[in-house]
Amino acid sequence: MRHSAGSSVAAGGVPGAARTLRHLVAGRWRPGDGDEFVDTSPTRPHETVATGRLAREHDLDEAVAAARDAFPRWAATPHHVRGRILDRAADVIDAHVEQWGEELSWEEGKTRAEGIGEVRRAAEILRYCASEASRPVGEVFASPRPGEQIQVIHRPVGVVAAVTPFNFPIAIPAWKIAPALGYGNTVVWKPASTVPLLAVRLAEALVEAGLPEGVLSLLIGDGDLGGRLVEHPGVDAVTFTGSTSVGRDLIAACGRLARPVQTEMGGKNAAVVLADADLDLAATEVFAGAFRSTGQKCTATSRLVVVEPVADALLARLTERAAALRVGDPLDPDTEMGPVISLRARDGIQRAVSEAAARPGVDVLTGGRPYDDVRTTGAFLPPTVVELAGDDPLWREELFGPVLAVRRARDTAEALALADDSDFGLSAAVFTDDLRAVTAAVQRIDVGILHINSETAGADPHVPFGGAKQSAYGPKEQGRAAREFFTRTTTVYLRSSGGPTP
Ligand code: UN1
């Protein structure tokens, strides 16, 4: 197995010098005067990607005040003009795809190809949101009264607080901030403290594209600052992606304030492989779903249900692939899987797997043990496949790492029931060409996203994205669906005073 965690990042293409990061408040970049922060690479945690000083409460107050101040002008700016700014920001992102993609890989740990792919995706999302200006902006109803028309118009909500996670450091912010701005809201954004560099890049693109001052502010801060942003009296709505526990706290806080909130939270997504499945395809897709981005997607495949007749054949394919997977420096073009986000995350995931391995009925088929080579200094974990004889915490709890829990099922009905056996409901995948099984899966599995013969992860910019059960709260994201959260409707009963027609 290849390991390249010892090579220098500069050799992988990213300039090695640490960046100094600033906050964007009221249209100006400022250094901040809070505690110093050090943003490190999960590949080599002693290596500094960026440094700076955290934002403090006065920065938050100023950012929210600037957003309030900018809101009426931005809301009154024609949608097409707002869209043109998003389009130009997409051009700026496209012009930096390689550099920012490598920085993403350096800072977050996903492979260089995935980093570059994500930066491209952010540009696509911005372009989609720009194109919204050319679509219908409301509805017209017939009136039961003569001479009257009833219109439903959409208007922006106001100042939106956006709190975003580490695992898609530019795509998820893009799919929250771009629709928020496109529909005429202003935004105050706090990204995950582990990925401030990519956050600064997205803000830079929007500033360079001509976003007026105050319309977007970016604050680099800790979870505390995020909490204060969410509850700030000047905020009108909150959009969040992250863990279910933090999400539930935010929902509670927003509930007390009667403040609209949208959260995208955890997942424990199942892939179901049925007896007639194309096993090569299923193995490829399940493997990608489980181990791309080192399993750190809320849409990742973390559970596999396979029916007994094909179980041995499928598991053999998966363990063979796992053994051959090249895990190491994500900037090395040959690497297929990088580290998780931090040593702390690595140790937490490893602990959960080791504890499970000691329980009866738990069989680690591949991986499951920390590396004992040069990779011990980085946040590396091997791709891990664990077979469970029955229920187990590994079946229920989201680990957010490269760990796939497997259970066998007698038949299709039991397999679909097992797939639905989760408090989460983000995505699922079913591998079969049996129409009856597909129709049953659509009815039986309570998820926001269902894939037939493709991996559980992935989200196109023009279609609704979001989960069921404990995976999400509030309206869906992306595509037209984003309009539901980022606008409010007014129903207008419209008629003239009834004087003579001119
Ligand atoms: C994807 O599957 O490509 O946090 C996107 C996450 C999800 C995004 C997944 N909100 O992983």
# chains A, B, ... in the order shown; residues from 1 in each chain; ligands from 1
$ closest_atom_pairs --of "chain A" --to "ligand 1" --cutoff "9 Å" --atoms "only C-alpha atoms and all ligand atoms" --output "tab-separated table"
residue	atom	partner	partner_atom_place_in_ligand_line	distance
A:Glu118	CA	ligand 1	3 (O)	8.7
A:Thr164	CA	ligand 1	4 (O)	8.8
A:Pro165	CA	ligand 1	4 (O)	6.9
A:Phe166	CA	ligand 1	4 (O)	8.3
A:Asn167	CA	ligand 1	4 (O)	6.2
A:Phe168	CA	ligand 1	4 (O)	6.5
A:Ala171	CA	ligand 1	5 (C)	8.2
A:Ile172	CA	ligand 1	10 (N)	6.6
A:Thr241	CA	ligand 1	10 (N)	6.3
A:Gly242	CA	ligand 1	4 (O)	6.6
A:Ser243	CA	ligand 1	4 (O)	8.9
A:Glu264	CA	ligand 1	10 (N)	6.1
A:Met265	CA	ligand 1	10 (N)	7.4
A:Gly266	CA	ligand 1	4 (O)	7.9
A:Gly267	CA	ligand 1	11 (O)	8.6
A:Gly289	CA	ligand 1	2 (O)	8.7
A:Gln296	CA	ligand 1	11 (O)	6.6
A:Lys297	CA	ligand 1	11 (O)	3.3
A:Cys298	CA	ligand 1	11 (O)	3.6
A:Thr299	CA	ligand 1	2 (O)	4.9
A:Ala300	CA	ligand 1	2 (O)	6.9
A:Thr456	CA	ligand 1	2 (O)	7.3
A:Ala457	CA	ligand 1	2 (O)	3.7
A:Gly458	CA	ligand 1	2 (O)	3.5
A:Ala459	CA	ligand 1	3 (O)	5.0
A:Asp460	CA	ligand 1	3 (O)	8.1
A:Phe465	CA	ligand 1	10 (N)	8.2
A:Gly466	CA	ligand 1	10 (N)	7.6
$ residues_around --residues "Ala89 of chain A" --least-positions-apart "2" --cutoff "7 Å" --atoms "only C-alpha atoms" --output "PDB file with N, CA and C atoms, in the first residue's frame"
ATOM      1  N   ILE A  85     -23.797  39.454 -10.710  1.00  0.00           N
ATOM      2  CA  ILE A  85     -22.693  39.414  -9.732  1.00  0.00           C
ATOM      3  C   ILE A  85     -22.353  37.957  -9.396  1.00  0.00           C
ATOM      4  N   LEU A  86     -23.381  37.130  -9.226  1.00  0.00           N
ATOM      5  CA  LEU A  86     -23.113  35.708  -8.946  1.00  0.00           C
ATOM      6  C   LEU A  86     -22.380  35.063 -10.123  1.00  0.00           C
ATOM      7  N   ASP A  87     -22.799  35.414 -11.340  1.00  0.00           N
ATOM      8  CA  ASP A  87     -22.134  34.883 -12.540  1.00  0.00           C
ATOM      9  C   ASP A  87     -20.671  35.298 -12.579  1.00  0.00           C
ATOM     10  N   ASP A  91     -17.124  33.171 -12.496  1.00  0.00           N
ATOM     11  CA  ASP A  91     -15.950  33.320 -13.380  1.00  0.00           C
ATOM     12  C   ASP A  91     -14.660  33.397 -12.558  1.00  0.00           C
ATOM     13  N   VAL A  92     -14.701  34.159 -11.467  1.00  0.00           N
ATOM     14  CA  VAL A  92     -13.506  34.288 -10.618  1.00  0.00           C
ATOM     15  C   VAL A  92     -13.141  32.914 -10.055  1.00  0.00           C
ATOM     16  N   ILE A  93     -14.130  32.171  -9.584  1.00  0.00           N
ATOM     17  CA  ILE A  93     -13.857  30.831  -9.034  1.00  0.00           C
ATOM     18  C   ILE A  93     -13.249  29.952 -10.124  1.00  0.00           C
ATOM     19  N   ALA A 205     -14.107  35.916  -4.074  1.00  0.00           N
ATOM     20  CA  ALA A 205     -14.710  35.844  -5.410  1.00  0.00           C
ATOM     21  C   ALA A 205     -15.920  36.770  -5.497  1.00  0.00           C
ATOM     22  N   LEU A 206     -16.746  36.770  -4.455  1.00  0.00           N
ATOM     23  CA  LEU A 206     -17.957  37.601  -4.482  1.00  0.00           C
ATOM     24  C   LEU A 206     -17.609  39.086  -4.408  1.00  0.00           C
ATOM     25  N   ALA A 209     -16.324  40.177  -7.677  1.00  0.00           N
ATOM     26  CA  ALA A 209     -17.420  40.234  -8.657  1.00  0.00           C
ATOM     27  C   ALA A 209     -18.271  41.493  -8.501  1.00  0.00           C
TER      28      ALA A 209
END
$ residues_around --residues "segment 188-201 of chain A" --least-positions-apart "5" --cutoff "7 Å" --atoms "only C-alpha atoms" --output "list in words"
Asp39, Ala50, Ala63, Val64, Leu104, Glu107, Glu108, Val160, Ala161, Ala162, Val163, Thr164, Pro165, Phe166, Pro169, Ile170, Leu216, Ser217, Leu218, Leu219, Ile220, Gly221, Asp222 and Gly226 of chain A
$ select_by_dssp --residues "segment 282-320 of chain A" --states "strand (DSSP E)" --output "count of residues only"
7
$ residues_around --residues "Val305 of chain A" --least-positions-apart "3" --cutoff "8 Å" --atoms "only C-alpha atoms" --output "ChimeraX atom specification"
/A:270-273,406-409,415,418-419
$ closest_residue --among "A:Asp423, A:Asp433, A:Glu320, A:Asp94" --to "Glu398 of chain A" --atoms "only C-alpha atoms"
A:Asp423
$ select_by_dssp --residues "segment 157-400 of chain A" --states "alpha helix (DSSP H)" --output "ChimeraX atom specification"
/A:171-182,196-208,223-231,244-257,279-291,308-324,343-357,393-396
$ residues_around --residues "segment 474-490 of chain A" --least-positions-apart "6" --cutoff "6 Å" --atoms "only C-alpha atoms" --output "PyMOL selection string"
chain A and resi 152-157+180+262+461-466
$ write_last_selection --atoms "all heavy atoms" --output "compact mmCIF listing (two decimals), in the first residue's frame"
# COMPACT_ATOMS: atom_id res chain seq x y z
N VAL A 152 -49.29 35.83 -5.95
CA VAL A 152 -48.42 35.43 -4.84
C VAL A 152 -47.01 35.86 -5.21
O VAL A 152 -46.44 35.35 -6.18
CB VAL A 152 -48.48 33.91 -4.58
CG1 VAL A 152 -47.51 33.53 -3.48
CG2 VAL A 152 -49.90 33.50 -4.20
N ILE A 153 -46.50 36.84 -4.51
CA ILE A 153 -45.16 37.33 -4.83
C ILE A 153 -44.17 36.85 -3.77
O ILE A 153 -44.54 36.60 -2.62
CB ILE A 153 -45.12 38.87 -4.93
CG1 ILE A 153 -45.53 39.51 -3.60
CG2 ILE A 153 -46.03 39.37 -6.06
CD1 ILE A 153 -45.13 40.95 -3.49
N HIS A 154 -42.92 36.68 -4.19
CA HIS A 154 -41.86 36.25 -3.26
C HIS A 154 -40.97 37.44 -2.93
O HIS A 154 -40.56 38.17 -3.82
CB HIS A 154 -41.01 35.16 -3.91
CG HIS A 154 -41.71 33.85 -4.00
ND1 HIS A 154 -41.43 32.79 -3.19
CD2 HIS A 154 -42.72 33.44 -4.81
CE1 HIS A 154 -42.22 31.78 -3.49
NE2 HIS A 154 -43.00 32.14 -4.49
N ARG A 155 -40.66 37.60 -1.67
CA ARG A 155 -39.74 38.67 -1.27
C ARG A 155 -38.67 38.09 -0.36
O ARG A 155 -38.91 37.08 0.31
CB ARG A 155 -40.52 39.79 -0.60
CG ARG A 155 -41.51 39.31 0.44
CD ARG A 155 -41.94 40.44 1.36
NE ARG A 155 -42.17 41.64 0.64
CZ ARG A 155 -43.32 42.32 0.61
NH1 ARG A 155 -44.35 41.87 1.29
NH2 ARG A 155 -43.43 43.44 -0.06
N PRO A 156 -37.50 38.72 -0.33
CA PRO A 156 -36.44 38.19 0.53
C PRO A 156 -36.82 38.25 2.00
O PRO A 156 -37.68 39.05 2.41
CB PRO A 156 -35.26 39.11 0.22
CG PRO A 156 -35.82 40.30 -0.46
CD PRO A 156 -37.09 39.88 -1.12
N VAL A 157 -36.18 37.42 2.79
CA VAL A 157 -36.49 37.30 4.21
C VAL A 157 -35.80 38.39 5.03
O VAL A 157 -36.31 38.85 6.04
CB VAL A 157 -36.04 35.90 4.71
CG1 VAL A 157 -36.20 35.77 6.20
CG2 VAL A 157 -36.83 34.82 3.98
N ALA A 180 -29.36 32.69 -1.18
CA ALA A 180 -29.75 33.76 -0.25
C ALA A 180 -29.55 35.11 -0.93
O ALA A 180 -30.45 35.96 -0.95
CB ALA A 180 -28.92 33.67 1.03
N GLN A 262 -33.35 26.44 8.93
CA GLN A 262 -33.22 25.30 8.02
C GLN A 262 -31.94 24.59 8.42
O GLN A 262 -30.90 25.22 8.51
CB GLN A 262 -33.09 25.87 6.61
CG GLN A 262 -32.62 24.94 5.54
CD GLN A 262 -32.28 25.71 4.27
OE1 GLN A 262 -31.35 26.51 4.24
NE2 GLN A 262 -33.03 25.47 3.22
N PRO A 461 -27.05 20.75 -8.70
CA PRO A 461 -27.42 22.09 -8.22
C PRO A 461 -28.86 22.50 -8.50
O PRO A 461 -29.38 23.40 -7.86
CB PRO A 461 -26.46 23.04 -8.96
CG PRO A 461 -25.69 22.23 -9.91
CD PRO A 461 -25.95 20.78 -9.67
N HIS A 462 -29.53 21.83 -9.47
CA HIS A 462 -30.86 22.31 -9.86
C HIS A 462 -32.00 21.49 -9.26
O HIS A 462 -33.15 21.69 -9.63
CB HIS A 462 -30.97 22.33 -11.39
CG HIS A 462 -30.81 20.98 -12.01
ND1 HIS A 462 -29.67 20.25 -11.89
CD2 HIS A 462 -31.67 20.23 -12.74
CE1 HIS A 462 -29.81 19.09 -12.52
NE2 HIS A 462 -31.03 19.06 -13.05
N VAL A 463 -31.69 20.54 -8.38
CA VAL A 463 -32.77 19.71 -7.82
C VAL A 463 -32.77 19.81 -6.29
O VAL A 463 -31.75 20.13 -5.69
CB VAL A 463 -32.62 18.22 -8.25
CG1 VAL A 463 -32.68 18.10 -9.77
CG2 VAL A 463 -31.34 17.61 -7.72
N PRO A 464 -33.92 19.52 -5.67
CA PRO A 464 -33.98 19.65 -4.21
C PRO A 464 -33.02 18.71 -3.50
O PRO A 464 -32.84 17.57 -3.91
CB PRO A 464 -35.43 19.26 -3.86
CG PRO A 464 -36.19 19.37 -5.13
CD PRO A 464 -35.22 19.12 -6.24
N PHE A 465 -32.41 19.20 -2.43
CA PHE A 465 -31.49 18.41 -1.62
C PHE A 465 -31.89 18.53 -0.16
O PHE A 465 -32.08 19.64 0.35
CB PHE A 465 -30.05 18.90 -1.80
CG PHE A 465 -29.07 18.16 -0.92
CD1 PHE A 465 -28.50 16.98 -1.36
CD2 PHE A 465 -28.74 18.63 0.34
CE1 PHE A 465 -27.62 16.27 -0.55
CE2 PHE A 465 -27.86 17.93 1.16
CZ PHE A 465 -27.30 16.74 0.70
N GLY A 466 -31.98 17.38 0.51
CA GLY A 466 -32.26 17.43 1.94
C GLY A 466 -32.85 16.12 2.40
O GLY A 466 -33.17 15.25 1.59
$ residues_around --residues "Trp74 of chain A" --least-positions-apart "5" --cutoff "12 Å" --atoms "only C-alpha atoms" --output "MDAnalysis selection string"
chainID A and resid 66:69 79:83 85 155:159 180:187 211:216
$ write_last_selection --atoms "N, CA, C and O atoms" --output "compact mmCIF listing (two decimals), in the first residue's frame"
# COMPACT_ATOMS: atom_id res chain seq x y z
N ALA A 66 -24.26 46.01 9.37
CA ALA A 66 -23.99 46.30 7.95
C ALA A 66 -24.96 45.54 7.05
O ALA A 66 -25.44 46.06 6.03
N ALA A 67 -25.27 44.31 7.44
CA ALA A 67 -26.20 43.50 6.64
C ALA A 67 -27.61 44.10 6.67
O ALA A 67 -28.31 44.14 5.66
N ARG A 68 -28.02 44.58 7.85
CA ARG A 68 -29.34 45.22 7.98
C ARG A 68 -29.39 46.48 7.10
O ARG A 68 -30.37 46.74 6.40
N ASP A 69 -28.31 47.24 7.18
CA ASP A 69 -28.22 48.49 6.46
C ASP A 69 -28.25 48.26 4.94
O ASP A 69 -28.90 48.98 4.20
N HIS A 79 -33.22 41.50 -9.82
CA HIS A 79 -32.74 40.13 -9.69
C HIS A 79 -31.64 39.84 -10.73
O HIS A 79 -30.64 39.18 -10.44
N HIS A 80 -31.84 40.35 -11.94
CA HIS A 80 -30.84 40.12 -12.99
C HIS A 80 -29.48 40.74 -12.63
O HIS A 80 -28.44 40.18 -12.95
N VAL A 81 -29.50 41.88 -12.00
CA VAL A 81 -28.24 42.53 -11.62
C VAL A 81 -27.57 41.71 -10.51
O VAL A 81 -26.35 41.46 -10.55
N ARG A 82 -28.36 41.24 -9.57
CA ARG A 82 -27.78 40.37 -8.51
C ARG A 82 -27.21 39.10 -9.15
O ARG A 82 -26.14 38.64 -8.79
N GLY A 83 -27.97 38.58 -10.11
CA GLY A 83 -27.52 37.36 -10.79
C GLY A 83 -26.21 37.57 -11.53
O GLY A 83 -25.35 36.68 -11.55
N ILE A 85 -23.80 39.45 -10.71
CA ILE A 85 -22.69 39.41 -9.73
C ILE A 85 -22.35 37.96 -9.40
O ILE A 85 -21.18 37.58 -9.34
N ARG A 155 -40.66 37.60 -1.67
CA ARG A 155 -39.74 38.67 -1.27
C ARG A 155 -38.67 38.09 -0.36
O ARG A 155 -38.91 37.08 0.31
N PRO A 156 -37.50 38.72 -0.33
CA PRO A 156 -36.44 38.19 0.53
C PRO A 156 -36.82 38.25 2.00
O PRO A 156 -37.68 39.05 2.41
N VAL A 157 -36.18 37.42 2.79
CA VAL A 157 -36.49 37.30 4.21
C VAL A 157 -35.80 38.39 5.03
O VAL A 157 -36.31 38.85 6.04
N GLY A 158 -34.59 38.79 4.60
CA GLY A 158 -33.85 39.83 5.35
C GLY A 158 -32.40 39.45 5.53
O GLY A 158 -31.72 39.11 4.57
N VAL A 159 -31.96 39.46 6.79
CA VAL A 159 -30.57 39.11 7.10
C VAL A 159 -30.51 37.62 7.44
O VAL A 159 -31.17 37.17 8.38
N ALA A 180 -29.36 32.69 -1.18
CA ALA A 180 -29.75 33.76 -0.25
C ALA A 180 -29.55 35.11 -0.93
O ALA A 180 -30.45 35.96 -0.95
N LEU A 181 -28.37 35.31 -1.52
CA LEU A 181 -28.07 36.59 -2.16
C LEU A 181 -28.92 36.78 -3.41
O LEU A 181 -29.45 37.87 -3.66
N GLY A 182 -29.05 35.72 -4.20
CA GLY A 182 -29.80 35.83 -5.45
C GLY A 182 -31.23 36.30 -5.22
O GLY A 182 -31.75 37.12 -5.97
N TYR A 183 -31.86 35.79 -4.16
CA TYR A 183 -33.25 36.18 -3.88
C TYR A 183 -33.33 37.51 -3.14
O TYR A 183 -34.41 37.94 -2.77
N GLY A 184 -32.18 38.15 -2.87
CA GLY A 184 -32.22 39.50 -2.33
C GLY A 184 -31.97 39.65 -0.84
O GLY A 184 -32.19 40.72 -0.28
N ASN A 185 -31.51 38.58 -0.21
CA ASN A 185 -31.17 38.68 1.22
C ASN A 185 -29.73 39.15 1.39
O ASN A 185 -28.91 39.04 0.48
N THR A 186 -29.40 39.61 2.58
CA THR A 186 -28.00 39.83 2.92
C THR A 186 -27.59 38.74 3.91
O THR A 186 -28.44 38.12 4.56
N VAL A 187 -26.28 38.48 4.00
CA VAL A 187 -25.81 37.28 4.71
C VAL A 187 -24.66 37.60 5.65
O VAL A 187 -23.75 38.35 5.30
N LEU A 211 -19.88 42.55 -5.37
CA LEU A 211 -20.93 42.53 -4.34
C LEU A 211 -20.84 43.80 -3.50
O LEU A 211 -19.78 44.12 -2.97
N PRO A 212 -21.95 44.53 -3.36
CA PRO A 212 -21.88 45.78 -2.58
C PRO A 212 -21.52 45.53 -1.12
O PRO A 212 -21.79 44.45 -0.58
N GLU A 213 -20.95 46.52 -0.48
CA GLU A 213 -20.46 46.30 0.88
C GLU A 213 -21.61 46.03 1.85
O GLU A 213 -22.71 46.55 1.70
N GLY A 214 -21.34 45.16 2.79
CA GLY A 214 -22.32 44.81 3.82
C GLY A 214 -23.26 43.68 3.41
O GLY A 214 -23.91 43.08 4.25
N VAL A 215 -23.34 43.40 2.10
CA VAL A 215 -24.29 42.37 1.63
C VAL A 215 -23.87 40.98 2.10
O VAL A 215 -24.68 40.13 2.40
N LEU A 216 -22.55 40.77 2.17
CA LEU A 216 -22.03 39.52 2.75
C LEU A 216 -20.93 39.88 3.74
O LEU A 216 -20.03 40.64 3.41
$ closest_residue --among "A:Pro370, A:Ser422, A:Gly117, A:Arg495" --to "Asp347 of chain A" --atoms "only C-alpha atoms"
A:Pro370
$ closest_residue --among "A:Asp421, A:Asp59, A:Asp446, A:Asp236" --to "Arg22 of chain A" --atoms "only C-alpha atoms"
A:Asp59
